[in-house]
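Peer 1: First the structure, which I've put down as structure tokens, then a few questions once you've had a look.
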Amino acid sequence: MATEILMPALSPTMEEGTLAKWLVKEGDEVKSGDILAEIETDKATMEFEAVDEGIVGKILIAEGTEAVKVNTPIAVLIEEGESADDIEASSGGESSGGDTSEAKSGNTPSDEPVASNPGSATMPEPETPEDPEIPEGTEMKTQTVREALRDAMAEEMRTDEMVFLMGEEVAEYQGAYKVSQGLLDEFGSKRVIDTPITEHGFAGLAAGAAMGGLRPIVEFMTFNFAMQAIDHIINTAAKTRYMSGGQMSVPIVFRGPNGAAARVAAQHSQDYAGWYAQIPGLWVAMPYSAADAKGLMKSAIKSDNPVVFLENELLYGQSFEVPVLDDYTVPFGKARVWQKGDDVTIVSFGIGMKYALEAAAKLAEDGISAEVIDLRTLRPMDTKTVIESVKKTNRCVTVEEGWPVASIGSYLSSVIMQEAFDYLDAPVITLTGKDVPMPYASNLEKLALVTTAEVVEAAKSVCYK
Amino acid sequence: MATAKSAKKSNISKDELLAYYRDMLLIRRFEEKAGQLYGMGLIGGFCHLYIGQEAVVVGLEAAADEGDKRVTSYRDHGHMLACGMDPKGVMAELTGREGGYSKGKGGSMHMFSTERHFYGGHGIVGAQVPIGAGLAFSDMYKGTDRVTFTYFGDGAANQGQVYETYNMAELWNLPVVFVIENNQYAMGTSVKRSTKSPSLWERGAAYGIEGEEVDGMSVLAVKEAGEKAIAHCRAGKGPYILEMKTYRYRGHSMSDPAKYRTREEVQKMRDEKDPIENIREMLITGKHASEEDLKAIDKEIKEIVNEAADFSRESPEPALDELWTDIYA
């Protein structure tokens, strides 16, 4: 009986890919393990193997086709004696993919606004607000966050010989998440350095290199692994200037994906915003848009301060408008107001902005006008912009992925209480991830994360609607 | 430069011996004074004295060249004095005063000097080891031939980051000399109670790093080994390990009664192996100096230390607004 071969999900966050090349043609006999096709994701080109035996009856998606959604039938396998023509009539052929059946269920398209399902193609691209710092008439180009981060690093490496990139798989592999793609070719192995898997060691080594006058960028494959290195981030990088009475600086950027990706469970899904935001001596950035990722990364590399730069795997593939300027930087400690509004202030940062903006759009349909603020950096934190907004709207909801205890939201709400108490018409609601380790099961993971629906509900609640 | 052992003693110059004597004595008298000021409540917190280990830093500094770097743990007073930092600034940091190297904000364990290429003073056991390799990395990156001395103790030698660092240092051929100051006790735990490795330097072999054991109580042996290690690094052959067999006479810190070893053990070491007495004897028996000459040096050192102590008491406490400075660039 005919079997459909489906577009596989080749990474936890893959939603679609390019069918780069077919290695079989119609009529070929295939055995399990034979390579059927090459599929390009935003991170890598992967070979896709057959699971079942049969004859390639029909190729449904031509090679070179881009943006093929996961689970789309791409070919049909038939058994001897069957005709490929029978297939189109049959609607319910057995599905067969690679060894990705579990990953698929985690990526099943759903209408629910959940973090594990960001859908780079399905989600409407957010409109970038006007930035007063960008001169009027500046040319803009559409870029992913991934490209913007790479461009920022490349521009700074061109400007300053002392800047180098170090981390696991940053060079020859072109980055575990492809953020450093192309950098090895341009800058060579002296400045784009693959490390052994040794986070504690290379974080300390890079901090020492910074004390010795270099300007290292340290990529952690994810910030989960930076816990092995956190002593050097905090005790060495953040404190040396103070402990040396200002004699010595540690100009270093620790960067990498932070927070939940999709279906990678407790040890790989954690938001460190609240952890690092607590540390005097560090600068902490957690951008949402590509323009901010670029501008903040350039500021981070130029800075003589140690910077923790929290990226997000789910945002890497998202596209935004980025200004085409020679040296586009975004200052630390300045929030961005994405949307002006009168009824409620929604404050977020990083991927939380996705839910904040989605919620604001839904609230607008119900006649509630939300002002949406992206903190962009958590240290320094622009509480002034938040306070001004709350004085106008009299209500506030904070949104983040991290846990509730000692969260960014709890700090913000205390500042609001102290500086705008008389302006508040409702208690501040601090939305966070649930107070649990991240579960693996798809349904539980959705439940653990903050959602757009929760933001909508909270905003209505503070508006007493 | 390193010569055969038999020839070494006779070739050593009078000036060299006197310089070692003076430098080691400065550390010892400084530390004794620090202990005294601690007892008077002028120095607070943790204070780890270097008494007994003087030959290690003095010997290695004698082998080093201008521009070479050094980084160590919290037992750092000796390293700072040996590399030429001002005793006044060090003592004033111990008393937490404005005139200290870190304006009183670092204390005994956290001091730095960009001028003297001293990169701390680190309070977390073993953390200075990758930092030291990173300093060496910066020199290699810039194309200089400078070497970094990365000091750590026998206690730190059991930290994982030391071996992460060994691996990278050899992999990338970094010009770093790892100096294990094996004073035989990690706080109260003797080496024998913390590892079954017969020696610490040999662990480098697992990463392809050469090294050797050195009599850390002999400044001449230390200097000779230091020269060999530096030559190895400057020749682009990568890291080198020196395990200095040494001994601290005082407790781990000022608050350590040192019940884990006998009084006799300490006394035996002082009587038989003291690095300063050792050089003193060479000076006298070799007729390089008279008792009178050495007394004059003792007096001179005492004056330097007293001046440092006076400065450390007279220098004002930091201004209150210093609380908020030096956090960010």
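By order in the structure tokens, chains are A, B, ...; within a chain, residues start at 1; ligands start at 1, following the order shown.
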Could you please tell me, as a ChimeraX atom specification, which residues of chain B have an atom within 10 Å of chain A when using only C-alpha atoms?
Peer 2: /B:69,71,98,100-107,109-115,117,119-124,127-139,141-142,160-169,171-172,322-329
Peer 1: Now that the selection is made, can you save its residues with C-alpha atoms as an mmCIF file, in the first residue's frame?
Peer 2:
```
data_model
loop_
_atom_site.group_PDB
_atom_site.id
_atom_site.type_symbol
_atom_site.label_atom_id
_atom_site.label_comp_id
_atom_site.auth_asym_id
_atom_site.auth_seq_id
_atom_site.Cartn_x
_atom_site.Cartn_y
_atom_site.Cartn_z
ATOM 1 C CA LYS B 69 52.270 38.547 33.889
ATOM 2 C CA VAL B 71 47.966 35.835 38.709
ATOM 3 C CA GLU B 98 41.876 54.856 50.402
ATOM 4 C CA GLY B 100 45.258 50.734 49.051
ATOM 5 C CA TYR B 101 45.728 49.279 45.590
ATOM 6 C CA SER B 102 41.973 48.841 45.226
ATOM 7 C CA LYS B 103 41.086 51.993 47.206
ATOM 8 C CA GLY B 104 40.078 49.721 50.056
ATOM 9 C CA LYS B 105 37.387 47.956 48.044
ATOM 10 C CA GLY B 106 39.215 44.698 47.384
ATOM 11 C CA GLY B 107 40.980 43.748 50.579
ATOM 12 C CA MET B 109 42.308 38.672 48.596
ATOM 13 C CA HIS B 110 41.537 41.044 45.714
ATOM 14 C CA MET B 111 44.318 43.308 44.607
ATOM 15 C CA PHE B 112 45.587 44.184 41.164
ATOM 16 C CA SER B 113 48.245 46.277 39.505
ATOM 17 C CA THR B 114 48.118 46.986 35.793
ATOM 18 C CA GLU B 115 51.492 48.701 36.122
ATOM 19 C CA HIS B 117 51.147 43.165 35.458
ATOM 20 C CA TYR B 119 46.159 40.326 37.727
ATOM 21 C CA GLY B 120 44.938 39.351 41.210
ATOM 22 C CA GLY B 121 44.322 38.197 43.965
ATOM 23 C CA HIS B 122 41.349 35.786 43.391
ATOM 24 C CA GLY B 123 39.128 34.537 46.164
ATOM 25 C CA ILE B 124 37.622 31.523 44.450
ATOM 26 C CA ALA B 127 39.404 30.414 39.346
ATOM 27 C CA GLN B 128 42.705 32.141 38.632
ATOM 28 C CA VAL B 129 43.895 29.186 36.581
ATOM 29 C CA PRO B 130 41.815 29.723 33.425
ATOM 30 C CA ILE B 131 42.267 33.468 33.931
ATOM 31 C CA GLY B 132 46.014 32.956 33.788
ATOM 32 C CA ALA B 133 45.705 30.928 30.616
ATOM 33 C CA GLY B 134 43.560 33.732 29.205
ATOM 34 C CA LEU B 135 46.245 36.291 29.990
ATOM 35 C CA ALA B 136 48.722 34.082 28.152
ATOM 36 C CA PHE B 137 46.203 33.806 25.320
ATOM 37 C CA SER B 138 46.102 37.611 25.083
ATOM 38 C CA ASP B 139 49.885 37.747 24.697
ATOM 39 C CA TYR B 141 47.026 36.821 20.221
ATOM 40 C CA LYS B 142 48.949 40.094 20.236
ATOM 41 C CA GLY B 160 37.985 20.701 37.572
ATOM 42 C CA GLN B 161 38.689 24.023 35.893
ATOM 43 C CA VAL B 162 42.421 23.458 36.348
ATOM 44 C CA TYR B 163 42.197 20.486 33.986
ATOM 45 C CA GLU B 164 39.870 22.246 31.585
ATOM 46 C CA THR B 165 42.597 24.865 31.445
ATOM 47 C CA TYR B 166 45.438 22.358 31.002
ATOM 48 C CA ASN B 167 43.595 20.938 28.037
ATOM 49 C CA MET B 168 43.122 24.298 26.315
ATOM 50 C CA ALA B 169 46.577 25.590 27.228
ATOM 51 C CA LEU B 171 45.804 22.550 22.679
ATOM 52 C CA TRP B 172 46.493 26.205 21.872
ATOM 53 C CA GLU B 322 33.339 55.317 46.702
ATOM 54 C CA LEU B 323 30.598 52.784 47.409
ATOM 55 C CA TRP B 324 29.095 53.680 44.057
ATOM 56 C CA THR B 325 32.152 54.058 41.855
ATOM 57 C CA ASP B 326 34.116 51.546 39.754
ATOM 58 C CA ILE B 327 31.096 49.365 39.056
ATOM 59 C CA TYR B 328 30.778 50.317 35.391
ATOM 60 C CA ALA B 329 33.027 51.877 32.796
#
```
Peer 1: Find the spatial neighbours of A:Asp435, counting only C-alpha atoms, within a cut-off of 12 Å - ignore same-chain residues fewer than 3 positions away - and output them as a list of chain:residue names.
Peer 2: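 Using only C-alpha atoms, the neighbours found are A:Ala266, A:Gln270, A:Glu401, A:Gly402, A:Trp403, A:Pro404, A:Val405, A:Ala406, A:Ser407, A:Leu431, A:Thr432, A:Met438, A:Pro439, A:Leu447, A:Ala448, A:Leu449, A:Val450.
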Peer 1: Since we have the selection now, will you write its residues out, keeping C-alpha atoms, as a PDB file, in the first residue's frame?
Peer 2:
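Generated file (selection_18.pdb):
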```
ATOM      1  CA  ALA A 266      13.822  21.027  32.057  1.00  0.00           C
ATOM      2  CA  GLN A 270      15.342  28.139  31.413  1.00  0.00           C
ATOM      3  CA  GLU A 401       9.166  33.595  30.542  1.00  0.00           C
ATOM      4  CA  GLY A 402      11.178  33.118  33.725  1.00  0.00           C
ATOM      5  CA  TRP A 403       9.919  31.934  37.089  1.00  0.00           C
ATOM      6  CA  PRO A 404       7.805  34.080  39.408  1.00  0.00           C
ATOM      7  CA  VAL A 405      10.007  34.320  42.508  1.00  0.00           C
ATOM      8  CA  ALA A 406      12.412  37.270  42.317  1.00  0.00           C
ATOM      9  CA  SER A 407      11.394  37.858  38.718  1.00  0.00           C
ATOM     10  CA  LEU A 431       2.913  37.204  34.346  1.00  0.00           C
ATOM     11  CA  THR A 432       5.691  34.659  34.334  1.00  0.00           C
ATOM     12  CA  MET A 438       9.958  22.664  32.214  1.00  0.00           C
ATOM     13  CA  PRO A 439       8.086  19.474  31.332  1.00  0.00           C
ATOM     14  CA  LEU A 447       0.856  25.040  30.097  1.00  0.00           C
ATOM     15  CA  ALA A 448       4.158  25.930  31.735  1.00  0.00           C
ATOM     16  CA  LEU A 449       4.870  28.868  29.467  1.00  0.00           C
ATOM     17  CA  VAL A 450       3.261  32.271  29.560  1.00  0.00           C
TER      18      VAL A 450
END
```
Peer 1: Do a neighbour search on A:Tyr355 at 8 Å with only C-alpha atoms, toss out local chain neighbours closer than 4 positions, and write the hits as a list in words.
Peer 2: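 Residues meeting the cut-off are Pro113, Ile351, Ala359, Val399, Thr451, Thr452 and Val455 of chain A.
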Peer 1: Go ahead and save the picked residues with C-alpha atoms, as a compact mmCIF listing (two decimals), in the first residue's frame.
Peer 2:
```
# COMPACT_ATOMS: atom_id res chain seq x y z
CA PRO A 113 -0.53 31.08 21.06
CA ILE A 351 10.39 36.59 23.48
CA ALA A 359 -2.15 40.46 23.15
CA VAL A 399 5.28 39.53 30.88
CA THR A 451 0.77 32.72 26.72
CA THR A 452 -0.84 35.48 24.73
CA VAL A 455 -1.65 38.45 28.74
```
Peer 1: Excluding same-chain residues fewer than 6 positions from stretch 253-259 of chain B, what lies within 12 Å of it counting only C-alpha atoms, as an mmCIF file with all heavy atoms, in the first residue's frame?
Peer 2:
```cif
data_model
loop_
_atom_site.group_PDB
_atom_site.id
_atom_site.type_symbol
_atom_site.label_atom_id
_atom_site.label_comp_id
_atom_site.auth_asym_id
_atom_site.auth_seq_id
_atom_site.Cartn_x
_atom_site.Cartn_y
_atom_site.Cartn_z
ATOM 1 N N GLU B 31 54.523 40.140 56.311
ATOM 2 C CA GLU B 31 53.474 39.227 56.751
ATOM 3 C C GLU B 31 53.359 39.185 58.274
ATOM 4 O O GLU B 31 52.255 39.115 58.817
ATOM 5 C CB GLU B 31 53.719 37.819 56.194
ATOM 6 C CG GLU B 31 53.587 37.719 54.677
ATOM 7 C CD GLU B 31 52.167 37.903 54.172
ATOM 8 O OE1 GLU B 31 51.624 39.025 54.355
ATOM 9 O OE2 GLU B 31 51.595 36.958 53.597
ATOM 10 N N GLU B 32 54.499 39.225 58.929
ATOM 11 C CA GLU B 32 54.451 39.254 60.399
ATOM 12 C C GLU B 32 53.724 40.510 60.878
ATOM 13 O O GLU B 32 52.909 40.461 61.789
ATOM 14 C CB GLU B 32 55.876 39.211 60.975
ATOM 15 C CG GLU B 32 56.501 37.827 60.841
ATOM 16 C CD GLU B 32 58.023 37.821 61.035
ATOM 17 O OE1 GLU B 32 58.615 38.920 61.197
ATOM 18 O OE2 GLU B 32 58.611 36.741 60.999
ATOM 19 N N ALA B 34 51.521 42.172 59.128
ATOM 20 C CA ALA B 34 50.097 42.023 58.783
ATOM 21 C C ALA B 34 49.382 41.203 59.859
ATOM 22 O O ALA B 34 48.273 41.533 60.282
ATOM 23 C CB ALA B 34 49.943 41.372 57.414
ATOM 24 N N GLY B 35 50.049 40.144 60.312
ATOM 25 C CA GLY B 35 49.468 39.318 61.379
ATOM 26 C C GLY B 35 49.231 40.143 62.636
ATOM 27 O O GLY B 35 48.198 40.024 63.300
ATOM 28 N N GLN B 36 50.188 41.013 62.917
ATOM 29 C CA GLN B 36 50.079 41.870 64.096
ATOM 30 C C GLN B 36 48.912 42.854 63.952
ATOM 31 O O GLN B 36 48.101 43.015 64.857
ATOM 32 C CB GLN B 36 51.401 42.625 64.245
ATOM 33 C CG GLN B 36 51.606 43.293 65.567
ATOM 34 C CD GLN B 36 52.872 44.171 65.537
ATOM 35 O OE1 GLN B 36 53.669 44.117 64.581
ATOM 36 N NE2 GLN B 36 53.054 44.960 66.554
ATOM 37 N N LEU B 37 48.814 43.470 62.771
ATOM 38 C CA LEU B 37 47.725 44.429 62.548
ATOM 39 C C LEU B 37 46.368 43.732 62.565
ATOM 40 O O LEU B 37 45.361 44.301 62.974
ATOM 41 C CB LEU B 37 47.921 45.176 61.226
ATOM 42 C CG LEU B 37 49.164 46.060 61.103
ATOM 43 C CD1 LEU B 37 49.155 46.820 59.776
ATOM 44 C CD2 LEU B 37 49.258 47.051 62.256
ATOM 45 N N TYR B 38 46.362 42.486 62.115
ATOM 46 C CA TYR B 38 45.115 41.717 62.164
ATOM 47 C C TYR B 38 44.687 41.524 63.617
ATOM 48 O O TYR B 38 43.533 41.727 63.977
ATOM 49 C CB TYR B 38 45.311 40.357 61.478
ATOM 50 C CG TYR B 38 44.010 39.627 61.231
ATOM 51 C CD1 TYR B 38 43.333 39.779 60.020
ATOM 52 C CD2 TYR B 38 43.447 38.802 62.205
ATOM 53 C CE1 TYR B 38 42.137 39.127 59.791
ATOM 54 C CE2 TYR B 38 42.251 38.145 61.977
ATOM 55 C CZ TYR B 38 41.599 38.304 60.769
ATOM 56 O OH TYR B 38 40.410 37.665 60.536
ATOM 57 N N GLY B 39 45.681 41.159 64.429
ATOM 58 C CA GLY B 39 45.416 40.962 65.858
ATOM 59 C C GLY B 39 44.901 42.225 66.532
ATOM 60 O O GLY B 39 44.145 42.168 67.497
ATOM 61 N N GLY B 41 42.961 44.280 65.103
ATOM 62 C CA GLY B 41 41.658 44.624 64.517
ATOM 63 C C GLY B 41 41.739 45.627 63.388
ATOM 64 O O GLY B 41 40.716 46.141 62.934
ATOM 65 N N ILE B 43 43.143 44.964 60.414
ATOM 66 C CA ILE B 43 42.853 44.217 59.189
ATOM 67 C C ILE B 43 41.679 43.296 59.512
ATOM 68 O O ILE B 43 41.660 42.665 60.560
ATOM 69 C CB ILE B 43 44.079 43.383 58.747
ATOM 70 C CG1 ILE B 43 45.245 44.315 58.402
ATOM 71 C CG2 ILE B 43 43.732 42.479 57.567
ATOM 72 C CD1 ILE B 43 46.555 43.589 58.119
ATOM 73 N N GLY B 44 40.723 43.253 58.610
ATOM 74 C CA GLY B 44 39.529 42.449 58.874
ATOM 75 C C GLY B 44 39.403 41.273 57.936
ATOM 76 O O GLY B 44 40.252 41.041 57.072
ATOM 77 N N GLY B 45 38.360 40.547 58.110
ATOM 78 C CA GLY B 45 38.006 39.470 57.171
ATOM 79 C C GLY B 45 39.009 38.341 57.152
ATOM 80 O O GLY B 45 39.529 37.948 58.185
ATOM 81 N N PHE B 46 39.247 37.829 55.952
ATOM 82 C CA PHE B 46 40.218 36.748 55.800
ATOM 83 C C PHE B 46 41.588 37.332 55.520
ATOM 84 O O PHE B 46 41.723 38.284 54.766
ATOM 85 C CB PHE B 46 39.835 35.840 54.621
ATOM 86 C CG PHE B 46 38.537 35.133 54.815
ATOM 87 C CD1 PHE B 46 37.590 35.111 53.807
ATOM 88 C CD2 PHE B 46 38.270 34.461 55.997
ATOM 89 C CE1 PHE B 46 36.384 34.441 53.980
ATOM 90 C CE2 PHE B 46 37.073 33.781 56.174
ATOM 91 C CZ PHE B 46 36.127 33.775 55.163
ATOM 92 N N CYS B 47 42.592 36.738 56.105
ATOM 93 C CA CYS B 47 43.959 37.197 55.852
ATOM 94 C C CYS B 47 44.855 35.964 55.821
ATOM 95 O O CYS B 47 45.012 35.286 56.832
ATOM 96 C CB CYS B 47 44.381 38.179 56.955
ATOM 97 S SG CYS B 47 46.009 38.904 56.695
ATOM 98 N N HIS B 48 45.391 35.655 54.637
ATOM 99 C CA HIS B 48 46.177 34.433 54.451
ATOM 100 C C HIS B 48 47.639 34.803 54.294
ATOM 101 O O HIS B 48 48.008 35.460 53.332
ATOM 102 C CB HIS B 48 45.698 33.678 53.203
ATOM 103 C CG HIS B 48 44.214 33.468 53.159
ATOM 104 N ND1 HIS B 48 43.356 34.403 52.628
ATOM 105 C CD2 HIS B 48 43.450 32.436 53.578
ATOM 106 C CE1 HIS B 48 42.113 33.942 52.723
ATOM 107 N NE2 HIS B 48 42.142 32.763 53.298
ATOM 108 N N LEU B 49 48.450 34.359 55.247
ATOM 109 C CA LEU B 49 49.858 34.764 55.245
ATOM 110 C C LEU B 49 50.721 33.791 54.441
ATOM 111 O O LEU B 49 50.414 32.611 54.332
ATOM 112 C CB LEU B 49 50.364 34.879 56.683
ATOM 113 C CG LEU B 49 49.581 35.876 57.547
ATOM 114 C CD1 LEU B 49 50.196 35.968 58.950
ATOM 115 C CD2 LEU B 49 49.507 37.258 56.906
ATOM 116 N N TYR B 50 51.814 34.340 53.920
ATOM 117 C CA TYR B 50 52.661 33.609 52.973
ATOM 118 C C TYR B 50 53.945 33.102 53.629
ATOM 119 O O TYR B 50 54.812 32.563 52.962
ATOM 120 C CB TYR B 50 52.998 34.566 51.818
ATOM 121 C CG TYR B 50 53.499 33.898 50.562
ATOM 122 C CD1 TYR B 50 52.687 33.035 49.824
ATOM 123 C CD2 TYR B 50 54.801 34.133 50.099
ATOM 124 C CE1 TYR B 50 53.142 32.428 48.666
ATOM 125 C CE2 TYR B 50 55.261 33.541 48.928
ATOM 126 C CZ TYR B 50 54.424 32.691 48.219
ATOM 127 O OH TYR B 50 54.869 32.093 47.063
ATOM 128 N N ILE B 51 54.046 33.289 54.940
ATOM 129 C CA ILE B 51 55.301 32.969 55.644
ATOM 130 C C ILE B 51 55.688 31.504 55.437
ATOM 131 O O ILE B 51 54.879 30.602 55.646
ATOM 132 C CB ILE B 51 55.151 33.282 57.147
ATOM 133 C CG1 ILE B 51 54.935 34.791 57.319
ATOM 134 C CG2 ILE B 51 56.378 32.814 57.928
ATOM 135 C CD1 ILE B 51 54.660 35.218 58.738
ATOM 136 N N TYR B 74 44.122 33.834 46.750
ATOM 137 C CA TYR B 74 43.941 34.798 47.834
ATOM 138 C C TYR B 74 45.170 34.901 48.732
ATOM 139 O O TYR B 74 45.286 35.822 49.518
ATOM 140 C CB TYR B 74 42.726 34.386 48.677
ATOM 141 C CG TYR B 74 42.752 32.909 48.943
ATOM 142 C CD1 TYR B 74 43.545 32.375 49.945
ATOM 143 C CD2 TYR B 74 42.071 32.031 48.106
ATOM 144 C CE1 TYR B 74 43.641 31.023 50.123
ATOM 145 C CE2 TYR B 74 42.165 30.666 48.280
ATOM 146 C CZ TYR B 74 42.944 30.155 49.298
ATOM 147 O OH TYR B 74 43.051 28.809 49.469
ATOM 148 N N ARG B 75 46.103 33.953 48.644
ATOM 149 C CA ARG B 75 47.322 34.053 49.460
ATOM 150 C C ARG B 75 48.329 34.836 48.624
ATOM 151 O O ARG B 75 49.282 34.283 48.082
ATOM 152 C CB ARG B 75 47.857 32.654 49.803
ATOM 153 C CG ARG B 75 48.916 32.645 50.915
ATOM 154 C CD ARG B 75 49.380 31.234 51.239
ATOM 155 N NE ARG B 75 48.281 30.346 51.562
ATOM 156 C CZ ARG B 75 47.591 30.342 52.705
ATOM 157 N NH1 ARG B 75 47.948 31.170 53.678
ATOM 158 N NH2 ARG B 75 46.579 29.519 52.904
ATOM 159 N N SER B 108 42.463 42.018 51.276
ATOM 160 C CA SER B 108 43.611 41.108 51.198
ATOM 161 C C SER B 108 43.580 40.187 49.970
ATOM 162 O O SER B 108 44.599 39.937 49.346
ATOM 163 C CB SER B 108 43.633 40.249 52.473
ATOM 164 O OG SER B 108 44.481 39.147 52.313
ATOM 165 N N MET B 109 42.409 39.709 49.622
ATOM 166 C CA MET B 109 42.308 38.672 48.596
ATOM 167 C C MET B 109 42.155 39.211 47.176
ATOM 168 O O MET B 109 42.262 38.453 46.221
ATOM 169 C CB MET B 109 41.109 37.761 48.898
ATOM 170 C CG MET B 109 41.200 37.061 50.231
ATOM 171 S SD MET B 109 39.832 35.922 50.475
ATOM 172 C CE MET B 109 38.515 37.058 50.846
ATOM 173 N N TYR B 185 48.979 21.501 52.590
ATOM 174 C CA TYR B 185 47.681 21.538 53.260
ATOM 175 C C TYR B 185 46.721 22.457 52.519
ATOM 176 O O TYR B 185 47.028 23.626 52.293
ATOM 177 C CB TYR B 185 47.819 22.031 54.707
ATOM 178 C CG TYR B 185 48.565 21.057 55.575
ATOM 179 C CD1 TYR B 185 49.944 21.178 55.739
ATOM 180 C CD2 TYR B 185 47.908 19.997 56.199
ATOM 181 C CE1 TYR B 185 50.653 20.261 56.516
ATOM 182 C CE2 TYR B 185 48.606 19.079 56.976
ATOM 183 C CZ TYR B 185 49.972 19.216 57.123
ATOM 184 O OH TYR B 185 50.659 18.311 57.880
ATOM 185 N N ALA B 186 45.581 21.917 52.138
ATOM 186 C CA ALA B 186 44.496 22.730 51.608
ATOM 187 C C ALA B 186 43.622 23.053 52.805
ATOM 188 O O ALA B 186 42.872 22.197 53.270
ATOM 189 C CB ALA B 186 43.716 21.947 50.561
ATOM 190 N N MET B 187 43.768 24.253 53.333
ATOM 191 C CA MET B 187 43.219 24.576 54.639
ATOM 192 C C MET B 187 43.665 23.495 55.613
ATOM 193 O O MET B 187 44.847 23.427 55.901
ATOM 194 C CB MET B 187 41.697 24.735 54.583
ATOM 195 C CG MET B 187 41.188 25.529 55.761
ATOM 196 S SD MET B 187 39.508 26.080 55.514
ATOM 197 C CE MET B 187 38.969 26.127 57.205
ATOM 198 N N GLY B 188 42.778 22.615 56.079
ATOM 199 C CA GLY B 188 43.198 21.608 57.057
ATOM 200 C C GLY B 188 43.370 20.216 56.481
ATOM 201 O O GLY B 188 43.615 19.267 57.211
ATOM 202 N N THR B 189 43.210 20.106 55.157
ATOM 203 C CA THR B 189 43.258 18.774 54.554
ATOM 204 C C THR B 189 44.595 18.557 53.861
ATOM 205 O O THR B 189 44.936 19.267 52.916
ATOM 206 C CB THR B 189 42.106 18.610 53.543
ATOM 207 O OG1 THR B 189 40.873 18.873 54.216
ATOM 208 C CG2 THR B 189 42.065 17.206 52.973
ATOM 209 N N SER B 190 45.332 17.573 54.342
ATOM 210 C CA SER B 190 46.652 17.323 53.750
ATOM 211 C C SER B 190 46.482 16.727 52.365
ATOM 212 O O SER B 190 45.435 16.173 52.029
ATOM 213 C CB SER B 190 47.444 16.369 54.635
ATOM 214 O OG SER B 190 46.810 15.101 54.621
ATOM 215 N N GLU B 265 56.190 19.221 63.554
ATOM 216 C CA GLU B 265 56.321 19.190 62.088
ATOM 217 C C GLU B 265 56.698 20.582 61.574
ATOM 218 O O GLU B 265 57.599 20.738 60.742
ATOM 219 C CB GLU B 265 55.000 18.722 61.464
ATOM 220 C CG GLU B 265 55.022 18.718 59.933
ATOM 221 C CD GLU B 265 53.668 18.372 59.312
ATOM 222 O OE1 GLU B 265 53.051 17.361 59.705
ATOM 223 O OE2 GLU B 265 53.227 19.135 58.418
ATOM 224 N N VAL B 266 56.021 21.583 62.085
ATOM 225 C CA VAL B 266 56.294 22.956 61.645
ATOM 226 C C VAL B 266 57.707 23.359 62.055
ATOM 227 O O VAL B 266 58.473 23.924 61.261
ATOM 228 C CB VAL B 266 55.264 23.941 62.246
ATOM 229 C CG1 VAL B 266 55.529 25.361 61.747
ATOM 230 C CG2 VAL B 266 53.843 23.504 61.904
#
```
Peer 1: Just the number, please: distance in Å from atom CA of A:Ala360 to atom CA of A:Thr385, one decimal.
Peer 2: 18.1 Å
Peer 1: Extract the full set of alpha helix (DSSP H) residues from stretch 282-408 of chain A according to DSSP on the backbone, and format it as a ChimeraX atom specification.
Peer 2: /A:290-302,313-316,352-365,383-393,408
Peer 1: Could those selected residues go to a file with C-alpha atoms, as a CSV table (one decimal), in the first residue's frame?
Peer 2:
```
chain,number,residue,atom,x,y,z
A,290,ALA,CA,16.5,42.1,14.9
A,291,ALA,CA,17.3,45.8,14.9
A,292,ASP,CA,17.7,45.8,18.6
A,293,ALA,CA,19.7,42.6,18.5
A,294,LYS,CA,22.1,44.2,16.1
A,295,GLY,CA,22.3,47.6,17.8
A,296,LEU,CA,22.6,46.2,21.3
A,297,MET,CA,25.2,43.6,20.2
A,298,LYS,CA,27.4,46.4,18.7
A,299,SER,CA,27.0,48.5,21.9
A,300,ALA,CA,27.9,45.4,24.0
A,301,ILE,CA,31.1,44.6,22.1
A,302,LYS,CA,32.2,48.3,22.2
A,313,GLU,CA,16.4,30.3,19.7
A,314,LEU,CA,12.8,30.8,18.6
A,315,LEU,CA,13.5,34.4,17.6
A,316,TYR,CA,16.6,33.6,15.6
A,352,GLY,CA,7.8,37.9,26.0
A,353,MET,CA,7.4,40.8,23.5
A,354,LYS,CA,5.8,38.4,21.1
A,355,TYR,CA,2.9,37.6,23.5
A,356,ALA,CA,2.7,41.3,24.6
A,357,LEU,CA,2.3,42.5,21.0
A,358,GLU,CA,-0.1,39.7,20.1
A,359,ALA,CA,-2.2,40.5,23.1
A,360,ALA,CA,-2.2,44.2,22.4
A,361,ALA,CA,-3.6,43.4,18.9
A,362,LYS,CA,-6.3,41.2,20.5
A,363,LEU,CA,-7.1,43.8,23.1
A,364,ALA,CA,-7.5,46.5,20.5
A,365,GLU,CA,-10.3,44.4,18.9
A,383,THR,CA,12.1,51.9,34.7
A,384,LYS,CA,11.6,55.6,34.0
A,385,THR,CA,9.8,54.9,30.7
A,386,VAL,CA,7.6,52.3,32.5
A,387,ILE,CA,6.7,54.7,35.3
A,388,GLU,CA,5.8,57.5,32.9
A,389,SER,CA,3.6,55.1,31.0
A,390,VAL,CA,1.9,53.8,34.2
A,391,LYS,CA,1.2,57.3,35.3
A,392,LYS,CA,-0.7,57.7,32.1
A,393,THR,CA,-2.5,54.3,31.9
A,408,ILE,CA,11.9,41.0,36.6
```
